[in-house]
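The structure file upload_5.csv is reproduced below (CSV, C-alpha atoms and all ligand atoms).
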chain,number,residue,atom,x,y,z
A,1,MET,CA,-19.3,-5.3,112.1
A,2,THR,CA,-18.5,-3.3,115.2
A,3,THR,CA,-21.0,-0.8,116.6
A,4,ARG,CA,-19.7,2.3,118.4
A,5,VAL,CA,-21.6,4.8,120.5
A,6,LEU,CA,-20.3,8.4,120.8
A,7,THR,CA,-21.7,9.9,124.0
A,8,ASN,CA,-21.7,13.3,125.7
A,9,ILE,CA,-21.6,15.2,122.5
A,10,GLY,CA,-22.0,18.9,123.5
A,11,GLU,CA,-23.2,20.0,120.1
A,12,LEU,CA,-24.0,17.7,117.2
A,13,THR,CA,-24.3,19.0,113.7
A,14,THR,CA,-26.0,16.5,111.4
A,15,ASN,CA,-26.8,18.7,108.4
A,16,ASP,CA,-30.0,16.7,108.3
A,17,PRO,CA,-33.0,19.1,108.7
A,18,SER,CA,-35.2,16.2,109.8
A,19,LEU,CA,-33.1,15.9,113.0
A,20,GLY,CA,-32.7,18.0,116.1
A,21,ASP,CA,-33.7,21.6,115.8
A,22,GLU,CA,-34.8,21.0,112.2
A,23,SER,CA,-32.6,23.9,110.9
A,24,ASP,CA,-30.4,23.2,107.8
A,25,LEU,CA,-27.7,22.2,110.3
A,26,GLY,CA,-30.0,19.6,112.0
A,27,ARG,CA,-28.5,20.3,115.4
A,28,LEU,CA,-28.8,18.5,118.7
A,29,TYR,CA,-27.3,19.4,122.1
A,30,ASP,CA,-26.3,16.9,124.8
A,31,ALA,CA,-26.5,14.2,122.1
A,32,ALA,CA,-25.2,10.8,121.3
A,33,MET,CA,-24.8,8.9,118.0
A,34,VAL,CA,-24.2,5.2,117.0
A,35,ILE,CA,-22.2,4.2,114.0
A,36,ASP,CA,-20.9,1.0,112.7
A,37,ASP,CA,-17.8,0.5,110.5
A,38,THR,CA,-19.5,2.3,107.6
A,39,HIS,CA,-22.8,4.0,108.4
A,40,VAL,CA,-24.7,6.2,110.9
A,41,LEU,CA,-27.2,4.0,112.7
A,42,TRP,CA,-28.8,6.2,115.4
A,43,ILE,CA,-28.8,9.8,116.5
A,44,GLY,CA,-30.5,11.1,119.7
A,45,GLN,CA,-30.3,12.5,123.1
A,46,ASN,CA,-27.4,11.4,125.3
A,47,GLY,CA,-29.8,10.0,127.9
A,48,ASP,CA,-31.4,7.7,125.3
A,49,ALA,CA,-28.2,6.3,123.9
A,50,PRO,CA,-28.4,2.5,123.2
A,51,ALA,CA,-25.6,0.1,124.1
A,52,ALA,CA,-23.0,-0.7,121.5
A,53,ASP,CA,-19.8,-2.8,121.2
A,54,GLU,CA,-17.6,0.2,121.9
A,55,ARG,CA,-18.2,3.5,123.7
A,56,LEU,CA,-16.4,6.8,123.1
A,57,ASP,CA,-17.2,9.5,125.6
A,58,VAL,CA,-16.3,12.8,123.8
A,59,ASP,CA,-16.7,14.8,127.0
A,60,GLY,CA,-18.9,17.7,125.8
A,61,ALA,CA,-17.0,18.2,122.5
A,62,ALA,CA,-18.8,19.4,119.3
A,63,VAL,CA,-19.2,16.8,116.6
A,64,VAL,CA,-19.6,17.7,112.9
A,65,PRO,CA,-19.8,15.7,109.6
A,66,GLY,CA,-16.4,15.0,108.0
A,67,PHE,CA,-15.4,17.8,105.6
A,68,VAL,CA,-15.8,17.3,101.9
A,69,ASP,CA,-12.9,18.9,100.1
A,70,SER,CA,-14.3,19.0,96.5
A,71,HIS,CA,-11.3,20.8,94.9
A,72,THR,CA,-7.6,19.8,95.3
A,73,HIS,CA,-4.6,19.5,93.0
A,74,LEU,CA,-2.8,17.1,95.5
A,75,VAL,CA,-0.4,15.3,93.1
A,76,PHE,CA,2.5,17.5,92.2
A,77,GLY,CA,6.3,17.8,92.4
A,78,GLY,CA,8.4,20.7,93.8
A,79,GLU,CA,7.1,23.8,95.5
A,80,ARG,CA,6.8,27.6,94.6
A,81,SER,CA,7.5,29.5,97.7
A,82,GLN,CA,9.6,32.0,95.8
A,83,GLU,CA,6.6,32.8,93.6
A,84,PHE,CA,4.5,33.2,96.8
A,85,GLU,CA,7.1,35.6,98.2
A,86,ALA,CA,7.2,37.6,95.0
A,87,ARG,CA,3.4,37.9,95.1
A,88,MET,CA,3.4,39.1,98.6
A,89,ALA,CA,5.8,41.8,97.4
A,90,GLY,CA,3.4,42.9,94.7
A,91,THR,CA,3.7,40.5,91.7
A,92,ALA,CA,0.3,39.5,90.3
A,93,TYR,CA,-0.7,35.8,89.7
A,94,ASP,CA,-1.2,35.0,86.1
A,95,GLY,CA,-1.1,31.1,86.0
A,96,GLY,CA,2.3,31.1,84.5
A,97,GLY,CA,3.9,29.3,87.5
A,98,ILE,CA,1.9,26.2,86.6
A,99,ARG,CA,4.5,25.4,84.0
A,100,ASP,CA,7.2,25.4,86.7
A,101,THR,CA,5.3,22.8,88.6
A,102,VAL,CA,4.8,20.8,85.4
A,103,ALA,CA,8.6,20.7,85.0
A,104,ALA,CA,9.1,19.7,88.6
A,105,THR,CA,6.4,17.0,88.4
A,106,ARG,CA,7.7,15.6,85.2
A,107,GLY,CA,11.1,15.3,86.9
A,108,SER,CA,9.7,13.4,89.9
A,109,SER,CA,9.6,9.7,90.2
A,110,SER,CA,6.2,8.0,90.9
A,111,ASN,CA,7.4,7.1,94.4
A,112,GLU,CA,8.3,10.7,95.1
A,113,LEU,CA,4.9,11.9,93.9
A,114,ARG,CA,3.1,9.2,95.9
A,115,ALA,CA,5.0,10.1,99.1
A,116,ALA,CA,4.3,13.8,98.7
A,117,THR,CA,0.7,13.2,97.9
A,118,SER,CA,0.4,11.0,100.9
A,119,ARG,CA,1.8,13.7,103.2
A,120,ARG,CA,-0.7,16.2,101.9
A,121,ALA,CA,-3.6,13.8,102.1
A,122,ARG,CA,-2.8,13.0,105.7
A,123,ALA,CA,-2.6,16.7,106.5
A,124,LEU,CA,-6.0,17.2,105.0
A,125,GLN,CA,-7.4,14.2,107.0
A,126,ALA,CA,-5.9,15.5,110.2
A,127,SER,CA,-7.8,18.7,109.6
A,128,GLY,CA,-11.1,16.8,109.4
A,129,VAL,CA,-11.4,16.0,105.6
A,130,THR,CA,-12.9,12.6,105.0
A,131,THR,CA,-13.7,13.0,101.3
A,132,MET,CA,-11.3,14.7,98.9
A,133,GLU,CA,-11.4,15.3,95.2
A,134,ILE,CA,-8.0,15.1,93.4
A,135,LYS,CA,-7.1,16.5,90.0
A,136,SER,CA,-4.4,15.7,87.6
A,137,GLY,CA,-2.9,18.6,85.5
A,138,TYR,CA,0.8,18.9,86.2
A,139,GLU,CA,2.3,16.8,83.5
A,140,LEU,CA,0.3,17.6,80.4
A,141,THR,CA,1.3,14.6,78.4
A,142,THR,CA,-0.7,11.5,77.8
A,143,GLY,CA,1.6,9.2,79.9
A,144,GLY,CA,2.2,11.9,82.5
A,145,GLU,CA,-1.5,12.7,83.1
A,146,LEU,CA,-2.2,9.0,83.2
A,147,ARG,CA,0.5,8.6,85.9
A,148,LEU,CA,-1.0,11.4,88.0
A,149,LEU,CA,-4.5,9.9,87.8
A,150,GLU,CA,-3.2,6.5,88.8
A,151,ILE,CA,-1.5,8.0,91.9
A,152,ALA,CA,-4.6,10.1,92.7
A,153,ASN,CA,-6.7,6.9,92.6
A,154,GLU,CA,-4.6,5.5,95.4
A,155,PHE,CA,-6.0,8.2,97.6
A,156,SER,CA,-9.5,8.9,96.4
A,157,ASP,CA,-12.5,7.8,94.3
A,158,GLU,CA,-13.2,11.4,93.3
A,159,VAL,CA,-10.5,11.8,90.7
A,160,THR,CA,-10.5,14.5,88.0
A,161,PHE,CA,-8.7,14.6,84.6
A,162,MET,CA,-7.4,18.1,84.1
A,163,GLY,CA,-5.1,17.8,81.1
A,164,ALA,CA,-6.4,21.2,80.2
A,165,HIS,CA,-4.7,23.1,83.0
A,166,VAL,CA,-2.5,25.3,80.8
A,167,VAL,CA,-0.9,24.9,77.4
A,168,PRO,CA,2.5,23.4,78.1
A,169,ASP,CA,5.7,25.0,76.9
A,170,GLU,CA,6.2,22.6,73.9
A,171,PHE,CA,2.8,23.7,72.5
A,172,LEU,CA,3.0,27.4,73.2
A,173,HIS,CA,3.0,28.1,69.4
A,174,ASP,CA,0.4,25.4,68.6
A,175,ARG,CA,-2.5,25.8,71.1
A,176,ASP,CA,-4.9,24.0,68.7
A,177,GLY,CA,-2.5,21.1,68.6
A,178,TYR,CA,-2.6,20.8,72.3
A,179,VAL,CA,-6.4,20.9,72.4
A,180,GLU,CA,-6.4,18.2,69.8
A,181,LEU,CA,-4.0,16.1,71.9
A,182,VAL,CA,-6.2,16.5,75.0
A,183,VAL,CA,-9.5,15.6,73.3
A,184,GLY,CA,-7.8,12.7,71.4
A,185,ASP,CA,-5.1,10.5,72.7
A,186,MET,CA,-4.9,12.0,76.2
A,187,LEU,CA,-8.7,11.6,76.9
A,188,ALA,CA,-8.8,8.1,75.4
A,189,HIS,CA,-6.1,6.9,77.8
A,190,CYS,CA,-7.1,9.0,80.9
A,191,ALA,CA,-10.9,8.8,80.9
A,192,PRO,CA,-11.1,5.2,82.3
A,193,HIS,CA,-9.1,6.4,85.3
A,194,ALA,CA,-11.3,9.4,86.3
A,195,ARG,CA,-14.8,10.3,87.3
A,196,TRP,CA,-14.6,13.9,86.4
A,197,ALA,CA,-13.1,16.3,83.8
A,198,ASP,CA,-12.1,19.9,84.6
A,199,VAL,CA,-10.6,22.8,82.5
A,200,PHE,CA,-8.9,26.0,83.7
A,201,CYS,CA,-11.1,28.4,81.7
A,202,ASP,CA,-9.5,31.8,82.3
A,203,GLU,CA,-7.2,34.5,81.1
A,204,GLY,CA,-3.8,32.9,80.5
A,205,ALA,CA,-5.3,29.4,80.3
A,206,PHE,CA,-8.1,28.1,78.0
A,207,ASN,CA,-10.8,30.3,76.5
A,208,VAL,CA,-14.5,29.5,76.5
A,209,ASP,CA,-14.5,27.9,73.0
A,210,GLU,CA,-11.5,25.7,73.8
A,211,ALA,CA,-13.0,24.7,77.2
A,212,ARG,CA,-16.3,23.9,75.6
A,213,THR,CA,-14.6,21.6,73.0
A,214,ILE,CA,-12.6,19.8,75.7
A,215,LEU,CA,-15.5,19.4,78.1
A,216,LEU,CA,-17.9,18.1,75.4
A,217,ALA,CA,-15.3,15.5,74.3
A,218,ALA,CA,-14.8,14.5,78.0
A,219,SER,CA,-18.6,14.2,78.4
A,220,ASP,CA,-18.7,11.9,75.3
A,221,ALA,CA,-15.9,9.9,76.9
A,222,GLY,CA,-18.2,9.3,79.9
A,223,LEU,CA,-16.7,11.8,82.3
A,224,GLU,CA,-18.8,14.2,84.5
A,225,LEU,CA,-17.9,17.8,84.3
A,226,ARG,CA,-16.7,20.6,86.6
A,227,LEU,CA,-14.9,23.8,85.7
A,228,HIS,CA,-12.4,26.4,87.0
A,229,ALA,CA,-14.2,29.6,86.2
A,230,ASN,CA,-13.9,33.3,86.7
A,231,GLN,CA,-10.8,33.2,89.0
A,232,LEU,CA,-8.8,35.9,87.2
A,233,GLY,CA,-11.6,37.8,85.5
A,234,GLU,CA,-15.2,37.6,84.2
A,235,SER,CA,-14.0,35.0,81.6
A,236,GLY,CA,-17.4,33.6,80.6
A,237,GLY,CA,-16.6,30.4,82.4
A,238,VAL,CA,-19.6,30.5,84.7
A,239,GLU,CA,-21.9,30.9,81.6
A,240,LEU,CA,-20.1,28.0,79.9
A,241,GLY,CA,-20.5,25.8,83.0
A,242,LEU,CA,-24.2,26.5,83.1
A,243,GLU,CA,-24.6,25.8,79.4
A,244,LEU,CA,-23.0,22.4,79.9
A,245,GLY,CA,-24.7,21.7,83.2
A,246,VAL,CA,-21.5,21.1,85.1
A,247,ALA,CA,-21.7,19.9,88.8
A,248,SER,CA,-19.6,22.9,90.0
A,249,VAL,CA,-18.0,26.1,88.8
A,250,ASP,CA,-15.0,26.7,91.0
A,251,HIS,CA,-13.3,30.0,92.2
A,252,CYS,CA,-16.0,32.4,91.0
A,253,THR,CA,-13.9,35.3,92.2
A,254,HIS,CA,-15.4,37.6,89.6
A,255,VAL,CA,-19.1,37.1,88.9
A,256,SER,CA,-21.9,39.3,87.6
A,257,ASP,CA,-25.4,39.5,89.0
A,258,GLU,CA,-26.6,37.7,85.9
A,259,ASP,CA,-24.1,34.9,86.6
A,260,LEU,CA,-25.6,34.6,90.1
A,261,GLU,CA,-29.2,34.7,88.9
A,262,ALA,CA,-28.4,31.9,86.4
A,263,LEU,CA,-26.6,29.8,89.0
A,264,ALA,CA,-29.5,30.1,91.4
A,265,SER,CA,-31.9,28.6,88.9
A,266,SER,CA,-29.5,25.7,88.1
A,267,SER,CA,-28.3,22.7,90.0
A,268,THR,CA,-24.7,23.8,89.5
A,269,VAL,CA,-22.8,24.6,92.8
A,270,ALA,CA,-20.4,27.6,93.1
A,271,THR,CA,-17.3,26.4,94.9
A,272,LEU,CA,-15.4,29.2,96.6
A,273,LEU,CA,-11.7,28.8,97.3
A,274,PRO,CA,-10.6,31.5,99.8
A,275,GLY,CA,-7.2,29.9,100.2
A,276,ALA,CA,-6.5,31.1,96.6
A,277,GLU,CA,-7.4,34.7,97.4
A,278,PHE,CA,-5.3,34.5,100.6
A,279,CYS,CA,-2.2,33.1,98.8
A,280,THR,CA,-2.5,35.4,95.7
A,281,ARG,CA,-3.4,38.5,97.8
A,282,SER,CA,-6.5,38.9,95.7
A,283,PRO,CA,-9.8,40.5,96.8
A,284,TYR,CA,-12.2,37.8,98.2
A,285,PRO,CA,-15.5,37.4,96.6
A,286,SER,CA,-18.5,38.0,98.9
A,287,ALA,CA,-19.9,34.6,99.7
A,288,ARG,CA,-22.8,36.6,101.3
A,289,ARG,CA,-23.7,37.8,97.8
A,290,PHE,CA,-24.0,34.2,96.5
A,291,LEU,CA,-26.2,33.2,99.4
A,292,ASP,CA,-28.4,36.3,99.1
A,293,ALA,CA,-28.9,35.3,95.4
A,294,ASP,CA,-29.9,31.8,96.5
A,295,VAL,CA,-26.8,30.1,95.0
A,296,THR,CA,-25.7,26.8,96.6
A,297,ILE,CA,-22.0,27.2,97.6
A,298,ALA,CA,-19.2,24.9,98.6
A,299,LEU,CA,-15.9,25.7,100.3
A,300,ALA,CA,-12.8,23.8,99.4
A,301,THR,CA,-9.0,24.1,99.9
A,302,ASP,CA,-7.8,24.2,96.3
A,303,CYS,CA,-4.6,22.6,97.7
A,304,ASN,CA,-2.0,23.3,95.0
A,305,PRO,CA,1.6,24.6,95.0
A,306,GLY,CA,0.8,27.9,93.3
A,307,THR,CA,-2.3,29.7,94.5
A,308,SER,CA,-3.3,27.8,97.7
A,309,TYR,CA,-0.9,25.5,99.5
A,310,VAL,CA,-3.6,25.0,102.1
A,311,THR,CA,-4.2,21.6,103.8
A,312,SER,CA,-6.6,22.8,106.5
A,313,MET,CA,-10.4,23.0,106.0
A,314,PRO,CA,-10.8,24.8,109.4
A,315,PHE,CA,-8.5,27.5,108.0
A,316,VAL,CA,-10.7,27.8,104.9
A,317,ILE,CA,-13.8,28.0,107.1
A,318,ALA,CA,-12.2,30.8,109.2
A,319,LEU,CA,-11.3,32.7,106.0
A,320,ALA,CA,-14.9,32.4,104.7
A,321,VAL,CA,-16.2,33.7,108.0
A,322,ARG,CA,-13.7,36.5,108.5
A,323,GLU,CA,-13.3,37.6,104.9
A,324,MET,CA,-16.3,36.5,102.8
A,325,GLY,CA,-19.3,37.4,105.1
A,326,LEU,CA,-20.5,33.9,106.1
A,327,SER,CA,-21.7,32.9,109.5
A,328,VAL,CA,-19.8,30.0,111.0
A,329,ASP,CA,-22.8,27.7,110.4
A,330,GLU,CA,-23.1,28.7,106.7
A,331,ALA,CA,-19.4,28.1,106.2
A,332,LEU,CA,-19.6,24.8,108.0
A,333,TRP,CA,-22.5,23.7,105.8
A,334,ALA,CA,-20.6,24.8,102.7
A,335,ALA,CA,-17.5,22.8,103.7
A,336,THR,CA,-19.6,19.6,104.3
A,337,ARG,CA,-22.9,19.4,102.6
A,338,GLY,CA,-22.0,22.0,100.0
A,339,GLY,CA,-18.8,20.1,99.1
A,340,ALA,CA,-20.9,16.9,98.8
A,341,ALA,CA,-23.4,18.7,96.4
A,342,ALA,CA,-20.4,19.8,94.3
A,343,LEU,CA,-19.4,16.2,94.0
A,344,ARG,CA,-23.1,15.1,93.5
A,345,ARG,CA,-22.8,12.9,96.6
A,346,ASP,CA,-25.7,12.5,99.1
A,347,ASP,CA,-24.0,9.8,101.2
A,348,VAL,CA,-21.4,12.2,102.7
A,349,GLY,CA,-21.4,15.8,104.1
A,350,HIS,CA,-24.1,14.9,106.6
A,351,LEU,CA,-24.8,12.6,109.5
A,352,GLY,CA,-28.4,11.5,108.8
A,353,ILE,CA,-29.3,7.9,109.5
A,354,GLY,CA,-27.7,5.8,106.7
A,355,ALA,CA,-25.0,8.4,105.9
A,356,ARG,CA,-21.4,7.3,105.8
A,357,ALA,CA,-19.8,7.3,109.2
A,358,ASP,CA,-17.4,10.1,108.5
A,359,VAL,CA,-17.3,12.0,111.7
A,360,VAL,CA,-15.1,14.9,113.1
A,361,ILE,CA,-14.7,15.5,116.8
A,362,ILE,CA,-13.9,19.1,117.4
A,363,ASP,CA,-11.4,20.3,120.1
A,364,GLY,CA,-14.0,22.6,121.6
A,365,PRO,CA,-17.7,22.6,122.8
A,366,ARG,CA,-19.1,24.3,119.7
A,367,ALA,CA,-18.4,24.1,116.0
A,368,ALA,CA,-17.9,27.9,116.1
A,369,HIS,CA,-14.4,27.1,117.5
A,370,LEU,CA,-13.5,26.2,113.9
A,371,ALA,CA,-13.4,29.9,113.0
A,372,TYR,CA,-13.0,31.4,116.5
A,373,ARG,CA,-9.6,29.9,117.0
A,374,PRO,CA,-7.9,30.3,113.5
A,375,GLY,CA,-4.7,28.5,113.1
A,376,GLY,CA,-5.2,26.1,116.0
A,377,VAL,CA,-5.5,22.3,115.7
A,378,MET,CA,-9.3,22.2,115.8
A,379,VAL,CA,-9.9,18.5,115.3
A,380,SER,CA,-9.2,16.0,118.1
A,381,GLN,CA,-10.3,13.0,116.1
A,382,THR,CA,-11.4,12.1,112.6
A,383,ILE,CA,-13.4,8.9,112.0
A,384,ARG,CA,-13.6,7.7,108.3
A,385,ALA,CA,-16.0,5.0,107.3
A,386,SER,CA,-14.2,1.7,106.8
A,387,ARG,CA,-10.9,3.2,107.8
B,401,LIG,O1,-7.0,26.3,91.2
B,401,LIG,N1,-6.4,28.0,88.7
B,401,LIG,C1,-5.8,27.0,88.2
B,401,LIG,N2,-5.3,26.1,88.9
B,401,LIG,C2,-4.9,26.2,90.3
B,401,LIG,C3,-3.6,26.9,90.4
B,401,LIG,C4,-2.5,26.0,89.9
B,401,LIG,C5,-1.2,26.6,90.1
B,401,LIG,O2,-0.9,27.8,90.1
B,401,LIG,O3,-0.3,25.7,90.2
B,401,LIG,C6,-6.0,26.9,91.1
B,401,LIG,O4,-5.8,28.0,91.6
B,402,FE,FE,-7.8,24.7,91.3
Render the structure in this file as structure tokens.
Ligand code: NIG
Ligand code: FE
Amino acid sequence: MTTRVLTNIGELTTNDPSLGDESDLGRLYDAAMVIDDTHVLWIGQNGDAPAADERLDVDGAAVVPGFVDSHTHLVFGGERSQEFEARMAGTAYDGGGIRDTVAATRGSSSNELRAATSRRARALQASGVTTMEIKSGYELTTGGELRLLEIANEFSDEVTFMGAHVVPDEFLHDRDGYVELVVGDMLAHCAPHARWADVFCDEGAFNVDEARTILLAASDAGLELRLHANQLGESGGVELGLELGVASVDHCTHVSDEDLEALASSSTVATLLPGAEFCTRSPYPSARRFLDADVTIALATDCNPGTSYVTSMPFVIALAVREMGLSVDEALWAATRGGAAALRRDDVGHLGIGARADVVIIDGPRAAHLAYRPGGVMVSQTIRASR
């Protein structure tokens, strides 16, 4: 095991309130940290830094925990730039384009899908992501969803079965038949290859009753639950998510005050995905409203070919600050510790002693540069535990 000391950290965000200034961000200035191949061993002032096998002088840079991207659809074939251009010219998003990606994905070889997923995973990592969730959902057959999960498992331990993304073309006149397939054969084959199950519960996808049936079956099959909810309207998805105690309700573009009150008194995280509002030219939800209601929020990329072909967490942070009313610190917390909460993880999203050594060195003296310089390459180095 090699130990490494990072010295001359201008601003260190640990997200551990027992450290530094004892705020939620647990912040230290003129700091140092020691990690080994897997964990954080020591945090303190630069002048007190102990010796280690290797030394990395970061020259006054800001250091933050690796980003936790708790919502991606990374495994897909094809692309939908024409749909994007049509939307920018005024066409509304209704989820229908998902079927185009299903056709393109079914027509891709496993090696093509693997290579495309690898490019996107590397782009996310270069933007500072050290933990990423990956969903299936673009084949919508038993063998196809299984294939996507197997590829997703090559890139992450946080893999989600999403056979209920939309009803595929061949079942358009037999919705019930598709739900039966998902809860039967598909779940039986896919559950061993995933930690999570997710459903797109919205107008144009699955209604609340269908989503409940699928999620209950997934839970019986041993999967933990998360849910796409209230992206296109007040679909009742948030209420369903709370009824089932899901780890996270994602999108939440349209929520009522009652939804927020109920979320605040639950352990369910609301994951906001401003890349989707950006790429569908939709009104952003106010993240401020969630925080004022005491709801725990996460920020994620939602990387997918339709609504958010976004592979940069700093871009998501910048959108959340500029368009959703968060301070930089609130957005940074949501993209790290918030994402970890959405994945029910307490070993990532912070740099407390014993946390995983997932560390991002910012190209700038303060984490605020993440939002202050939108579109720039904000990460000079990403360190991932064991990698
Ligand atoms: O999170 N909302 C459902 N699923 C994706 C969009 C998928 C697509 O359009 O291909 C999302 O936005
Ligand atoms: Fe999504």
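Minimum atom-to-atom distances from A:Asn46, A:Ser235, A:Ser256, A:Thr307 to ligand FE 402 (chain B) were compared using only C-alpha atoms and all ligand atoms, and the lowest value belongs to A:Thr307.
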| Counting all atoms listed in the file, which residues come within 9 Å of (-15.1, -0.3, 109.6), with the point read in the file's coordinates, and could you list them as a list in words? | Met1, Thr2, Asp36, Asp37, Thr38, His39, Ala357, Arg384, Ala385, Ser386 and Arg387 of chain A
Same residues, C-alpha atoms, saved as a PDB file, in the coordinates of the input:
ATOM      1  CA  MET A   1     -19.300  -5.300 112.100  1.00  0.00           C
ATOM      2  CA  THR A   2     -18.500  -3.300 115.200  1.00  0.00           C
ATOM      3  CA  ASP A  36     -20.900   1.000 112.700  1.00  0.00           C
ATOM      4  CA  ASP A  37     -17.800   0.500 110.500  1.00  0.00           C
ATOM      5  CA  THR A  38     -19.500   2.300 107.600  1.00  0.00           C
ATOM      6  CA  HIS A  39     -22.800   4.000 108.400  1.00  0.00           C
ATOM      7  CA  ALA A 357     -19.800   7.300 109.200  1.00  0.00           C
ATOM      8  CA  ARG A 384     -13.600   7.700 108.300  1.00  0.00           C
ATOM      9  CA  ALA A 385     -16.000   5.000 107.300  1.00  0.00           C
ATOM     10  CA  SER A 386     -14.200   1.700 106.800  1.00  0.00           C
ATOM     11  CA  ARG A 387     -10.900   3.200 107.800  1.00  0.00           C
TER      12      ARG A 387
END
| field | Nearby residues (all atoms listed in the file) at most 9 Å from range 87-101 of chain A, same-chain spacing under 3 positions excluded, as JSON, numbers by chain | value | {"A": [76, 77, 78, 79, 80, 82, 83, 84, 104, 105, 106, 138, 139, 165, 166, 167, 168, 169, 203, 204, 205, 232, 279, 280, 281, 282, 305, 306, 307]}
| task | Take the point (-24.4, 8.5, 115.5) as written in the file and pick out every residue within 7 Å of it, counting only C-alpha atoms; give the list as a list in words. | result | Val5, Leu6, Ala32, Met33, Val34, Ile35, Val40, Leu41, Trp42 and Ile43 of chain A
| said: Taking all atoms listed in the file into account, which residues have an atom no farther than 7 Å from ligand FE 402 (chain B)? I'd like them as a PyMOL selection string. | reply: chain A and resi 71-73+228+302
| field | Contacts of Pro283 in chain A at 10 Å (only C-alpha atoms; same-chain gap of 3+ positions) as number ranges by chain | value | A: 253-254, 274, 276-278, 280, 286, 323-324
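Take the candidates A:Tyr284, A:Phe200, A:Phe171, A:Phe67 and check each one against Leu240 in chain A using all atoms listed in the file; the shortest distance goes to A:Phe200.
With atom C2 of ligand LIG 401 (chain B) on one side and CA of Leu299 in chain A on the other, the separation reads 14.9 Å.
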| CA of Gly163 in chain A to CA of Ser109 in chain A: how many Å, to one decimal? |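 Straight-line distance from CA of Gly163 in chain A to CA of Ser109 in chain A works out to 19.1 Å.
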| Separation of CA of Leu263 in chain A and CA of Gly237 in chain A, in Å? |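 Answer for the CA of Leu263 in chain A to CA of Gly237 in chain A separation: 12.0 Å.
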| task | Can you work out which one of A:Leu332, A:Ile134, A:Leu326, A:Leu74 has the shortest atom-to-atom distance to His369 in chain A, counting only C-alpha atoms? | result |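 Among the listed residues, A:Leu332 lies closest to His369 in chain A.
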Selection near Ser127 in chain A, 12 Å with all atoms listed in the file, sequence-local residues under 5 positions removed, as a compact mmCIF listing (two decimals) with C-alpha atoms, keeping the file's coordinate frame:
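Everything below was put into result-v4.txt:
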# COMPACT_ATOMS: atom_id res chain seq x y z
CA GLY A 66 -16.40 15.00 108.00
CA PHE A 67 -15.40 17.80 105.60
CA VAL A 68 -15.80 17.30 101.90
CA ASP A 69 -12.90 18.90 100.10
CA ARG A 120 -0.70 16.20 101.90
CA ALA A 121 -3.60 13.80 102.10
CA ARG A 122 -2.80 13.00 105.70
CA MET A 132 -11.30 14.70 98.90
CA THR A 301 -9.00 24.10 99.90
CA VAL A 310 -3.60 25.00 102.10
CA THR A 311 -4.20 21.60 103.80
CA SER A 312 -6.60 22.80 106.50
CA MET A 313 -10.40 23.00 106.00
CA PRO A 314 -10.80 24.80 109.40
CA PHE A 315 -8.50 27.50 108.00
CA VAL A 316 -10.70 27.80 104.90
CA ILE A 317 -13.80 28.00 107.10
CA VAL A 359 -17.30 12.00 111.70
CA VAL A 360 -15.10 14.90 113.10
CA ILE A 361 -14.70 15.50 116.80
CA ILE A 362 -13.90 19.10 117.40
CA ASP A 363 -11.40 20.30 120.10
CA LEU A 370 -13.50 26.20 113.90
CA GLY A 375 -4.70 28.50 113.10
CA GLY A 376 -5.20 26.10 116.00
CA VAL A 377 -5.50 22.30 115.70
CA MET A 378 -9.30 22.20 115.80
CA VAL A 379 -9.90 18.50 115.30
CA SER A 380 -9.20 16.00 118.10
CA GLN A 381 -10.30 13.00 116.10
CA THR A 382 -11.40 12.10 112.60
CA ILE A 383 -13.40 8.90 112.00
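Using only C-alpha atoms, the smallest distance between any of A:Ser70, A:Ser18, A:Ser23, A:Asn8 and Asp48 in chain A comes from A:Asn8.
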| So, counting only C-alpha atoms and all ligand atoms, which residue among A:Asp198, A:Asp292, A:Asp220, A:Asp259 is closest to ligand LIG 401 (chain B)? |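 Under the stated criterion, the closest residue is A:Asp198.
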| query | For Arg373 in chain A, which residue among A:Glu330, A:Leu319, A:Arg288, A:Arg226 is the nearest when counting only C-alpha atoms? | reply | A:Leu319
| message | Can you tell me which residues surround range 148-151 of chain A at a distance of at most 8 Å, considering all atoms listed in the file, apart from same-chain residues fewer than 2 positions away, and format the answer as a ChimeraX atom specification? | response | /A:75,110,113-114,135-139,144-146,153-155,159-161,190,193-194
Write the selection just made, keeping C-alpha atoms, as a short mmCIF file (atom, residue, chain, number, x, y, z; two decimals), in the coordinates of the input?
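Final file, selection14.cif:
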data_model
loop_
_atom_site.label_atom_id
_atom_site.label_comp_id
_atom_site.auth_asym_id
_atom_site.auth_seq_id
_atom_site.Cartn_x
_atom_site.Cartn_y
_atom_site.Cartn_z
CA VAL A 75 -0.40 15.30 93.10
CA SER A 110 6.20 8.00 90.90
CA LEU A 113 4.90 11.90 93.90
CA ARG A 114 3.10 9.20 95.90
CA LYS A 135 -7.10 16.50 90.00
CA SER A 136 -4.40 15.70 87.60
CA GLY A 137 -2.90 18.60 85.50
CA TYR A 138 0.80 18.90 86.20
CA GLU A 139 2.30 16.80 83.50
CA GLY A 144 2.20 11.90 82.50
CA GLU A 145 -1.50 12.70 83.10
CA LEU A 146 -2.20 9.00 83.20
CA ASN A 153 -6.70 6.90 92.60
CA GLU A 154 -4.60 5.50 95.40
CA PHE A 155 -6.00 8.20 97.60
CA VAL A 159 -10.50 11.80 90.70
CA THR A 160 -10.50 14.50 88.00
CA PHE A 161 -8.70 14.60 84.60
CA CYS A 190 -7.10 9.00 80.90
CA HIS A 193 -9.10 6.40 85.30
CA ALA A 194 -11.30 9.40 86.30
#
| task | Do a neighbour search on range 206-212 of chain A at 12 Å with only C-alpha atoms, toss out local chain neighbours closer than 3 positions, and write the hits as a ChimeraX atom specification. | result | /A:95,162-168,175-180,182-183,197-203,215-219,225-230,233-246
